[in-house]
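Engineer: Below is one structure. I have some questions about it.
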Amino acid sequence: MADRIASSLLKLLTYIVFVISTAVILFPVFKGIRYFNPTFFTEFPSQGMTQGGIFPAIVGSLLLMSLVAVFSVPVGVLIGVFLSEYAKPTWLSALLRTTITTMTSIPSIVYGLFGLAFFCITMGFGTSLLSASFTLSIMTVPFVGGSVSNFLMAVSNDLREAAMAIGADKRETVFMVIRAAKTGILSSTLLGLGRAFGETAPILVTGAVFYATNLPRRLTDPIMTLPTHIYAVVTNFPEDAYWMAYGSAALMVIIIVAIYSIVQWIRRRSS
Amino acid sequence: MKRFLNFLFSSVVVLVSICVIAALIGIFAMLIHESLPALKKIGWEFIASGAWYPTYEDAEFGMLYMILDSLILVGLTSVVVFPMGLGIALYTTEYANRREREIVRSVTELISGIPSVVVGLIGVLLIGPLMLKIGAWTPFNLLNAVVSLTVLTLPYAISLIIESLQSVSRDLREAALALGSSKIRASAMAIRGAKHEMLYALVLIVNRVLGETMVVLMVAGGAVMLPRSLFDPIRPLTAAIASEVGEVELGSLHYSALFLAGAVLLVISAVITVTAETFIRRGKRWLTG
Amino acid sequence: MNKEIVYEMKNLSAWFGKNQVLKNVSLKIYRNKITAIMGPSGCGKTTLLRCFNRLNDYTESFRVEGDIFFNGQNIYQMDPVQLRRRVGMVFQRPNPFPMSIFDNVAYGPRIHGLAKKRGLSERVEKALKAAALWDEVHGELRKSAYKLSGGQQQRLCIARAVAVEPEVILLDEPTSALDPIATERIEKLLEDLSSRYTIVIVTHSIGQALRISDYLGFMYKGELVEFGETSQVSEDPRHELTQLFLTGRIG
């Protein structure tokens, strides 16, 4: 009897929460998707964000993500390799593991502060695409590295031994393990980039402008991005500009859901 | 050639690893370096006073209220998120059928990726107007922040708690059921068995809320004060940093004070984590005698 | 008959941590013969086999004393990569690489720079024929190796080892994961291969050891209790333990 009650109560809770949170998440999509048209994707905003589109923010996010991918994916994979394939329990591997857990728990705004002080000011990159991409890369590396190392460690030792037994050296053995874990590495990468794509605060501090009339031409130019654009519109503009924030948010949610769906699809296919 | 490539590869792997460790040290060093001027100038006043008037002629840099705002927000949000997450996780692991389990799993995963700025937008444009309807004097306040943060962190909490419940071996649960205990008792047993893992999950949730910036920046209201009701606006540390660092004069005392606020954030998070870990360790020692 | 010694193991002892797994083992492996090592599980036979190509070395707690000579050269003074190029190995469970059938077999020749494009396909074909797999797969060399059956995968692993033309092939219970028909095929294959390669096989199957080997060793709790020509060991074992094992009373 008590079981029946507990079960129904929990079921009710689960269903209610699910319906509500799904509805809440879908709210910006429903509100925003109606603004999707060629103009919205290909034009600069104009008339105080009431006309035009989000073209520069899309391009900015794309540029930023490409740079983050270039910087953080190779480094993340190498870190994963070190943790999984080189890490006999030495002080260095223990230290690296602690480093990664610490880094994943640092709030993103602190990365923003660091990026501001180091990349923008000390290195002299200014508020720019370059500063923002370095800052986001530093945030992304520990996430990708930790996740990649888990996938590499899940590769059966049989494979390492098979490669070694045929005379493969360390590098060749590692490449074989990487090849065996490639779908896992791909999903770690996608998830890491998906997270970076949604990050706002660090970009706000290190690389974003709210309004640009040109696309960035150099790495040291500041950029508009989708998340900072949403923030700017919602907080700094009157109500007749909100449509643009809804549209941008809808686009972001769709992209994120697409990324996560791809990851789930990869996982289901490989298991 | 082959040997050279092998050597080169290993060197690169080790070198990159050292660079990442160096990056963390660099982050800490930079944060300390930039916050030292403020610490020297302001002294312990920064933690003893709540008066934060960074742009006044006679600037004051008391962070006490902002620290308390952060802690209040973290406390309230955890109190809402954790039990809800636990309930849903329990239903999913103990009662749900396969289909429901699959749906919960994949939907929480999809939702957990939603960027915080989008949740901030929802907080401003959907939850804010609701606040006025239920009698708040401003759409952006503590309650709005709690609700928005719940939307943001609940999926994360659910998957963390599911993971910790699953870490309890099935044997324990089946043993309880075999002894004729009801399903609730068996679930209670699972919770007891996973209490360390769950404490750890709670720490992760707390840290996530503590460090969350965009949502609180957009919906918490931004007033440096101690809230007396859920409808009062607040300004947690992260919101202060994010909103002020853009306009601050580089190298000024205010600039340095914001880095100090960042350091305070890290210290709070470290204290929470270490306390929980001590608890867990002590608990284990107590269990094993 | 003049028998050429390929491997000579002298007073080999080995430990995993504090646990001694090999106790003072000495034996000789002769060229182009099949040597089988049998014994109950946990007797150290697999560890012994993995000493021949130094595959235990990377295990953290492993420690070894004594010498192993390969063609007169001490293997602990050789580059393990070079040693393993000349000594192939096949494992208990088939462990093909996550690649196509062709690339699996071509992997060894490729990493050792043994053949360029043209020669490579010939080599692969030869190895697959030697492993009696060619007829079954020659039309679908681009297919993933994971699509093959367990027995085919194990023969692929043999082909992979053969493709670098090693002197010795080590086999660690290669048929324990296979059904009787696949097992029979592999036993037959090993006999064919022994004309060109020196074969050392570890097995817990007495029948298999007796059927295919020229030399037979029996291990028990880390010691090589008995070693000699198969006919002699099976008909007139010197040691009582061997007798007990052969008649199924221990094991």
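Here's how to read the names in the structure tokens: chain A, B, ... by the order shown, residue numbers from 1 in each chain, ligand numbers from 1 in the order shown.
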Among stretch 27-240 of chain C, which ones does DSSP place in strand (DSSP E), written as a PyMOL selection string?

Structural biologist: chain C and resi 27-30+34-38+62-70+73-74+87-90+168-172+198-203+215-220+223-229

Engineer: Within 10 Å of chain A, which residues of chain C are there when counting only C-alpha atoms? Please give them as a count of residues only.

Structural biologist: 42

Engineer: I'd like the interatomic distance between atom CA of B:Asn97 and atom CA of A:Ser8, to a tenth of an Å.

Structural biologist: 13.2 Å

Engineer: Can you pull out every residue within 10 Å of stretch 62-67 of chain B, counting only C-alpha atoms, but drop anything in the same chain fewer than 4 positions away, and send it as JSON, numbers by chain?

Structural biologist: {"B": [42, 44, 45, 46, 47, 48, 49, 50, 51, 52, 53, 54, 71, 72, 73, 222, 223, 224, 225, 226, 227, 234, 235, 236, 237, 238, 239, 240, 257, 258, 260, 261, 264, 265, 268]}

Engineer: One number please: atom CA of B:Leu250 to atom CA of A:Tyr231, in Å, one decimal.

Structural biologist: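 Atom CA of A:Tyr231 lies at a distance of 23.3 Å from atom CA of B:Leu250.
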
Engineer: Which residues of chain A are close to chain B, meaning at most 6 Å apart when you count only C-alpha atoms, and how do they look as a list in words?

Structural biologist: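 Matching residues, ligands excluded from the count: Asp3, Leu10, Thr14, Leu78, Ile79, Pro107, Val110, Phe114, Arg171, Gly198, Ala249, Val257 and Tyr260 of chain A.
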
Engineer: Skip A:Met153 itself and residues of its chain fewer than 3 positions away, then list as a list in words all residues within 9 Å of it, counting only C-alpha atoms.

Structural biologist: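 Answer for this query is Leu83, Ser84, Glu85, Val148, Ser149, Asn150, Ser156 and Asn157 of chain A.
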
Engineer: Atom CA of C:Asp214 and atom CA of C:Cys43, how far apart in Å?

Structural biologist: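 Atom CA of C:Asp214 lies at a distance of 21.3 Å from atom CA of C:Cys43.
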
Engineer: Within 6 Å of C:Gly217, counting only C-alpha atoms, which residues qualify if same-chain residues fewer than 5 places away don't, as number ranges by chain?

Structural biologist: C: 37, 226-227

Engineer: Calculated over only C-alpha atoms, which of the candidates A:Leu113, A:Ile185, A:Ser271, A:Thr39 has the smallest distance to B:Ile32?

Structural biologist: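 Closest to B:Ile32 of all the choices is A:Leu113.
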
Engineer: I need the helix (DSSP H, G or I) residues of stretch 9-201 of chain A per DSSP on the backbone, written as a ChimeraX atom specification.

Structural biologist: /A:9-35,38-42,55-86,91-105,108-122,129-153,157-165,170-180,182-198,201

Engineer: For A:Ala232, work out the shell of residues within 10 Å, counting only C-alpha atoms and skipping chain neighbours fewer than 6 positions away, then give it as a PyMOL selection string.

Structural biologist: chain A and resi 204+209-211+226+245

Engineer: Need to verify the contact set: A:Gly112, 6 Å, only C-alpha atoms, exclusion of same-chain residues closer than 3 positions in sequence. Can you return it as a list of chain:residue names?

Structural biologist: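 So, after excluding close chain neighbours, the residues are A:Ile109, A:Gly115, A:Pro202, A:Val205.
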